[in-house]
Structure formats: structure tokens, C-alpha cells
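K.L.:
One structure is given below, represented as C-alpha cells, and several questions about it will come after.
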Amino acid sequence: MKTFAVVSLIVVIFLSLFLVACGGSSSTTQPASQGETLLKEKCTKCHNLSRVEAQKLSSDEWSQVVASMVARGAQLTADEQPILVQYLAQTYGK
């Protein structure tokens, strides 16, 4: 009976570590998901998606575009802007 308890404890610890590791890896995809959401919710209010998809810009160029759009009234916070720029550069970059 004591062996069963030890084995059960080891299994619980292993599963806990596994779940923590899996949870950590999903956080790396979060910014991409956030970037896509920002694009759909914020940018497509004024532009259709094909206009964005047609662009092939570097990260610096996307940063300039986003800054320009914010200056024109795009509702993006300072925290949202780099997330969107990273998504645009990875998805629609040079």
C-alpha cells in the first residue's frame, strides 16, 4: 500500500510538471493570437484585410505604418502597438 502511495505521488508530480511545461509553451503563441485579434478588431474598422495582406513590409516599416495609423486615430494602446507590429512583420513581412 505504501508503494502505491509513493508511485501515485510521483505520477502527480510528473503530471504537474508536464502541465506547467505545456502551459509555458502556449504563452509563446499568445502574442501572435493577440496580434491577429488586434488586426481584425482595430485595423479592419477602416481597412479590409486584403489591403494589409498585400503589403510586404519589414518590422520597422510596419512600426511606421502602425504609428501613422495611431496618429490618424486608430485606437491602439502603447502596449498593443508592438504586439500588432510583431504580428504584422511575422505574417506579412519581407
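Naming scheme: A, B, ... for chains in displayed order of the C-alpha cells; residues 1 onward per chain; ligands 1 onward as shown.
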Skipping near chain neighbours, those fewer than 3 positions away, what residues fall within 12 Å of Gly93 in chain A using only C-alpha atoms, listed as a ChimeraX atom specification?

P.N.:
/A:52-63,85-90

K.L.:
Keeping only C-alpha atoms, write the selected residues as an mmCIF file, in the first residue's frame.

P.N.:
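Dumped to selection.cif:
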data_model
loop_
_atom_site.group_PDB
_atom_site.id
_atom_site.type_symbol
_atom_site.label_atom_id
_atom_site.label_comp_id
_atom_site.auth_asym_id
_atom_site.auth_seq_id
_atom_site.Cartn_x
_atom_site.Cartn_y
_atom_site.Cartn_z
ATOM 1 C CA VAL A 52 -2.928 44.535 -45.216
ATOM 2 C CA GLU A 53 -2.194 41.184 -46.852
ATOM 3 C CA ALA A 54 -0.921 42.921 -49.989
ATOM 4 C CA GLN A 55 1.833 44.660 -48.017
ATOM 5 C CA LYS A 56 5.222 43.036 -47.537
ATOM 6 C CA LEU A 57 6.962 45.332 -45.084
ATOM 7 C CA SER A 58 9.824 44.990 -42.627
ATOM 8 C CA SER A 59 9.268 45.295 -38.906
ATOM 9 C CA ASP A 60 10.490 48.913 -38.979
ATOM 10 C CA GLU A 61 8.162 49.723 -41.857
ATOM 11 C CA TRP A 62 5.197 48.100 -40.090
ATOM 12 C CA SER A 63 6.082 50.096 -36.991
ATOM 13 C CA VAL A 85 3.777 45.241 -35.295
ATOM 14 C CA GLN A 86 5.353 41.891 -34.399
ATOM 15 C CA TYR A 87 2.359 40.010 -35.793
ATOM 16 C CA LEU A 88 2.315 42.055 -38.995
ATOM 17 C CA ALA A 89 6.062 41.634 -39.527
ATOM 18 C CA GLN A 90 5.924 37.870 -38.955
#

K.L.:
At a cut-off of 7 Å, using only C-alpha atoms, what residues contact range 31-48 of chain A? Leave out same-chain residues fewer than 6 positions from it and give the result as a list of chain:residue names.

P.N.:
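In the requested format, the answer is A:Ala74, A:Gln75, A:Ile83, A:Leu84, A:Tyr87.
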
K.L.:
Please measure the separation of CA of Ser68 in chain A and CA of Arg51 in chain A, giving the value in Å to one decimal.

P.N.:
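Taking CA of Ser68 in chain A and CA of Arg51 in chain A, their separation equals 15.6 Å.
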
K.L.:
I'd like the interatomic distance between CA of Arg72 in chain A and CA of Lys94 in chain A, to a tenth of an Å.

P.N.:
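Straight-line distance from CA of Arg72 in chain A to CA of Lys94 in chain A works out to 24.8 Å.
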
K.L.:
I'd like the interatomic distance between CA of Leu49 in chain A and CA of Thr91 in chain A, to a tenth of an Å.

P.N.:
12.4 Å
